[in-house]
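The structure appears below as structure tokens.
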Amino acid sequence: PFNCILNCMCGGEEVNLSDIETLDEHCAEAKNYWRANNVKSLVVVPLRYGNHNLGVLGFNSETRHRHWTEEDILILKLIAEILTNALVRQQTERKLAESEKLYRSLFDTSVEGFVITDPDGYFVDCNHSYEKMTGYTIEELRGMHFNAITPPHWHTWEGTEIVEKQLKARGYTDAYEKEYIHKNGTVFPVEIRAYNLNAELHEKPLMWGVVRDLTELKKAKLKAKQQREKLIQVEKMTTLGTLVSGVGHEINNPNTFILLNAPTIRKMWERTIK
């Protein structure tokens, strides 16, 4: 029964019926519905937000045919506006909550370390992977500066070449390598990409980074390098063995010739000296 009413409201105007019997024939379903519910008169205004119809709000009279005054309609419109704003705010808050839930899920379940700091470099938030990587909980990290888990020899370079020349200048950094200090004191290599968060979405600008632990990758590269060096050494020894074998063969051939012909050479020598 409301389809007819909504169709009448496409232009955003109210429907004011002092007698439902005046409804057009194409609204027969709505007319029958109101008759069945003993409705004599009704006034309905749309709940509109922009170009979207969120619903309708109305009064009806079941005892008599009633003429709805401009004051009645004005009050109804004011109530409709308040209700529309409340519905829109509720929908916005629900979508925001869903978005935050999705963000948090992606944030927390990522295998990469995610970390957020304020503009001065103090930790604000991080995910579980980052906690596992550094050995610190987010509660322990909050209030700490990122230099606290960075070896001192990286501080000046990172502050100048990365933060000043890249992050602050263009809003993001290239991937770069540095080292972290684990809570247990172990120093390990990491790769970082950092970005500025949109200041319009927060009370103050924030920075976030994607951090990858390079320990296993470095170990794998070192092992591959050692294997290559070992293979090269084996190839060198094989080549040397072949060379020595060839030289020995060339030396043995004249020696064999001399030994086999020694009696003949001796006779020739004896004849010569006589």
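Scheme for the structure tokens: letters A, B, ... for chains in order shown; per-chain residue numbers from 1; ligand numbers from 1 in order shown.
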### Spatial neighbours of region 204-209 of chain A, max dist 10 Å, only C-alpha atoms, sep filter under 6 positions, as a PyMOL selection string
chain A and resi 112-126+167-168+171-173+191-198
### Task
Run DSSP on the backbone and grab whatever in region 38-137 of chain A lands in strand (DSSP E or B); send it over as a list in words.
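Answer for region 38-137 of chain A, restricted to strand (DSSP E or B): Ser41, Leu42, Val43, Val44, Val45, Pro46, Leu47, Arg48, Tyr49, His52, Asn53, Leu54, Gly55, Val56, Leu57, Gly58, Phe59, Asn60, Ser61, Gly113, Phe114, Val115, Ile116, Thr117, Tyr122, Phe123, Val124, Asp125 and Cys126 of chain A.
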Tell me which protein, DNA and RNA residues are within 10 Å of Tyr130 (chain A), counting only C-alpha atoms, leaving out same-chain ones fewer than 6 positions away, and put them as a PDB file with C-alpha atoms, in the first residue's frame.
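result_10.pdb, written as the output of this step:
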```pdb
ATOM      1  CA  ASP A 108      45.615  -7.374  12.955  1.00  0.00           C
ATOM      2  CA  SER A 110      48.380  -9.198   8.259  1.00  0.00           C
ATOM      3  CA  VAL A 111      51.657 -11.147   8.277  1.00  0.00           C
ATOM      4  CA  GLU A 112      53.464  -7.855   7.706  1.00  0.00           C
ATOM      5  CA  GLY A 113      54.077  -5.548  10.612  1.00  0.00           C
ATOM      6  CA  PHE A 114      51.867  -2.429  10.639  1.00  0.00           C
ATOM      7  CA  VAL A 115      52.776   0.473  12.868  1.00  0.00           C
ATOM      8  CA  TYR A 136      56.961  -5.437  22.675  1.00  0.00           C
ATOM      9  CA  THR A 137      53.219  -5.151  23.276  1.00  0.00           C
ATOM     10  CA  ILE A 138      51.386  -2.067  22.049  1.00  0.00           C
ATOM     11  CA  VAL A 210      54.689  -1.466   6.711  1.00  0.00           C
ATOM     12  CA  VAL A 211      57.589  -3.389   8.231  1.00  0.00           C
ATOM     13  CA  ARG A 212      59.031  -6.705   7.093  1.00  0.00           C
ATOM     14  CA  ASP A 213      61.535  -8.755   9.094  1.00  0.00           C
TER      15      ASP A 213
END
```
### Which of region 44-80 of chain A fall in alpha helix (DSSP H), as a ChimeraX atom specification
/A:70-80
Keeping N, CA and C atoms for every residue in the selection just given, could you write it to a file as a PDB file, in the first residue's frame?
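And here's selection-v4.pdb as it stands now:
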```pdb
ATOM      1  N   GLU A  70      -1.872  23.446   7.626  1.00  0.00           N
ATOM      2  CA  GLU A  70      -0.461  23.717   7.342  1.00  0.00           C
ATOM      3  C   GLU A  70       0.393  23.544   8.586  1.00  0.00           C
ATOM      4  N   GLU A  71      -0.209  23.877   9.747  1.00  0.00           N
ATOM      5  CA  GLU A  71       0.524  23.706  11.008  1.00  0.00           C
ATOM      6  C   GLU A  71       0.760  22.231  11.288  1.00  0.00           C
ATOM      7  N   ASP A  72      -0.249  21.388  11.021  1.00  0.00           N
ATOM      8  CA  ASP A  72      -0.087  19.940  11.197  1.00  0.00           C
ATOM      9  C   ASP A  72       1.049  19.416  10.316  1.00  0.00           C
ATOM     10  N   ILE A  73       1.060  19.860   9.070  1.00  0.00           N
ATOM     11  CA  ILE A  73       2.067  19.395   8.117  1.00  0.00           C
ATOM     12  C   ILE A  73       3.444  19.906   8.506  1.00  0.00           C
ATOM     13  N   LEU A  74       3.535  21.150   8.973  1.00  0.00           N
ATOM     14  CA  LEU A  74       4.815  21.713   9.389  1.00  0.00           C
ATOM     15  C   LEU A  74       5.407  20.927  10.555  1.00  0.00           C
ATOM     16  N   ILE A  75       4.567  20.611  11.539  1.00  0.00           N
ATOM     17  CA  ILE A  75       5.032  19.821  12.680  1.00  0.00           C
ATOM     18  C   ILE A  75       5.519  18.459  12.219  1.00  0.00           C
ATOM     19  N   LEU A  76       4.759  17.845  11.305  1.00  0.00           N
ATOM     20  CA  LEU A  76       5.127  16.525  10.791  1.00  0.00           C
ATOM     21  C   LEU A  76       6.466  16.582  10.042  1.00  0.00           C
ATOM     22  N   LYS A  77       6.652  17.657   9.276  1.00  0.00           N
ATOM     23  CA  LYS A  77       7.915  17.810   8.533  1.00  0.00           C
ATOM     24  C   LYS A  77       9.095  18.001   9.470  1.00  0.00           C
ATOM     25  N   LEU A  78       8.887  18.760  10.546  1.00  0.00           N
ATOM     26  CA  LEU A  78       9.961  18.955  11.523  1.00  0.00           C
ATOM     27  C   LEU A  78      10.342  17.630  12.176  1.00  0.00           C
ATOM     28  N   ILE A  79       9.319  16.852  12.538  1.00  0.00           N
ATOM     29  CA  ILE A  79       9.585  15.535  13.123  1.00  0.00           C
ATOM     30  C   ILE A  79      10.303  14.650  12.112  1.00  0.00           C
ATOM     31  N   ALA A  80       9.858  14.702  10.842  1.00  0.00           N
ATOM     32  CA  ALA A  80      10.467  13.895   9.779  1.00  0.00           C
ATOM     33  C   ALA A  80      11.935  14.276   9.583  1.00  0.00           C
TER      34      ALA A  80
END
```
### Task
Compare A:Leu87, A:Tyr33, A:Glu25, A:Thr69 by their minimum atom-to-atom distance to Tyr49 (chain A), counting only C-alpha atoms, and give me the closest one.
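Checking each of A:Leu87, A:Tyr33, A:Glu25, A:Thr69 against Tyr49 (chain A), counting only C-alpha atoms, the winner is A:Leu87.
We find CA of Gln90 (chain A) and CA of Asn60 (chain A) to be spaced 27.1 Å apart.
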### Message
Using Å and a single decimal, report how far CA of Ser18 (chain A) sits from CA of Phe59 (chain A).
### Response
11.1 Å
### Task
Work out how far CA of Phe188 (chain A) is from CA of Thr215 (chain A), in Å to one decimal.
6.2 Å
### Task
Find the residues around Glu179 (chain A) up to 8 Å (only C-alpha atoms counted), leave out those fewer than 4 positions away in its own chain, and share them as a list in words.
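Here the answer would be Thr150, Pro151, Trp154, Val187, Phe188, Pro189 and Val190 of chain A.
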Could you please take those selected residues and save N, CA, C and O atoms as a JSON list (two decimals), in the first residue's frame?
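Saved to again_20.json:
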```json
[["chain", "number", "residue", "atom", "x", "y", "z"],
["A", 150, "THR", "N", 65.71, 1.44, 17.49],
["A", 150, "THR", "CA", 66.59, 1.56, 16.32],
["A", 150, "THR", "C", 68.02, 1.80, 16.80],
["A", 150, "THR", "O", 68.25, 2.68, 17.63],
["A", 151, "PRO", "N", 69.00, 1.02, 16.31],
["A", 151, "PRO", "CA", 70.39, 1.26, 16.70],
["A", 151, "PRO", "C", 70.81, 2.71, 16.41],
["A", 151, "PRO", "O", 70.40, 3.28, 15.39],
["A", 154, "TRP", "N", 71.73, 4.50, 12.97],
["A", 154, "TRP", "CA", 70.73, 4.74, 11.93],
["A", 154, "TRP", "C", 69.98, 6.05, 12.13],
["A", 154, "TRP", "O", 69.29, 6.52, 11.21],
["A", 187, "VAL", "N", 69.70, -7.54, 17.59],
["A", 187, "VAL", "CA", 69.58, -6.59, 16.47],
["A", 187, "VAL", "C", 69.27, -7.39, 15.20],
["A", 187, "VAL", "O", 69.95, -8.38, 14.91],
["A", 188, "PHE", "N", 68.25, -6.99, 14.47],
["A", 188, "PHE", "CA", 67.87, -7.73, 13.27],
["A", 188, "PHE", "C", 67.48, -6.76, 12.15],
["A", 188, "PHE", "O", 67.04, -5.63, 12.41],
["A", 189, "PRO", "N", 67.63, -7.18, 10.88],
["A", 189, "PRO", "CA", 67.35, -6.30, 9.74],
["A", 189, "PRO", "C", 65.86, -6.25, 9.40],
["A", 189, "PRO", "O", 65.15, -7.25, 9.53],
["A", 190, "VAL", "N", 65.40, -5.08, 8.95],
["A", 190, "VAL", "CA", 64.01, -4.92, 8.53],
["A", 190, "VAL", "C", 63.96, -4.07, 7.26],
["A", 190, "VAL", "O", 64.90, -3.34, 6.94]]
```
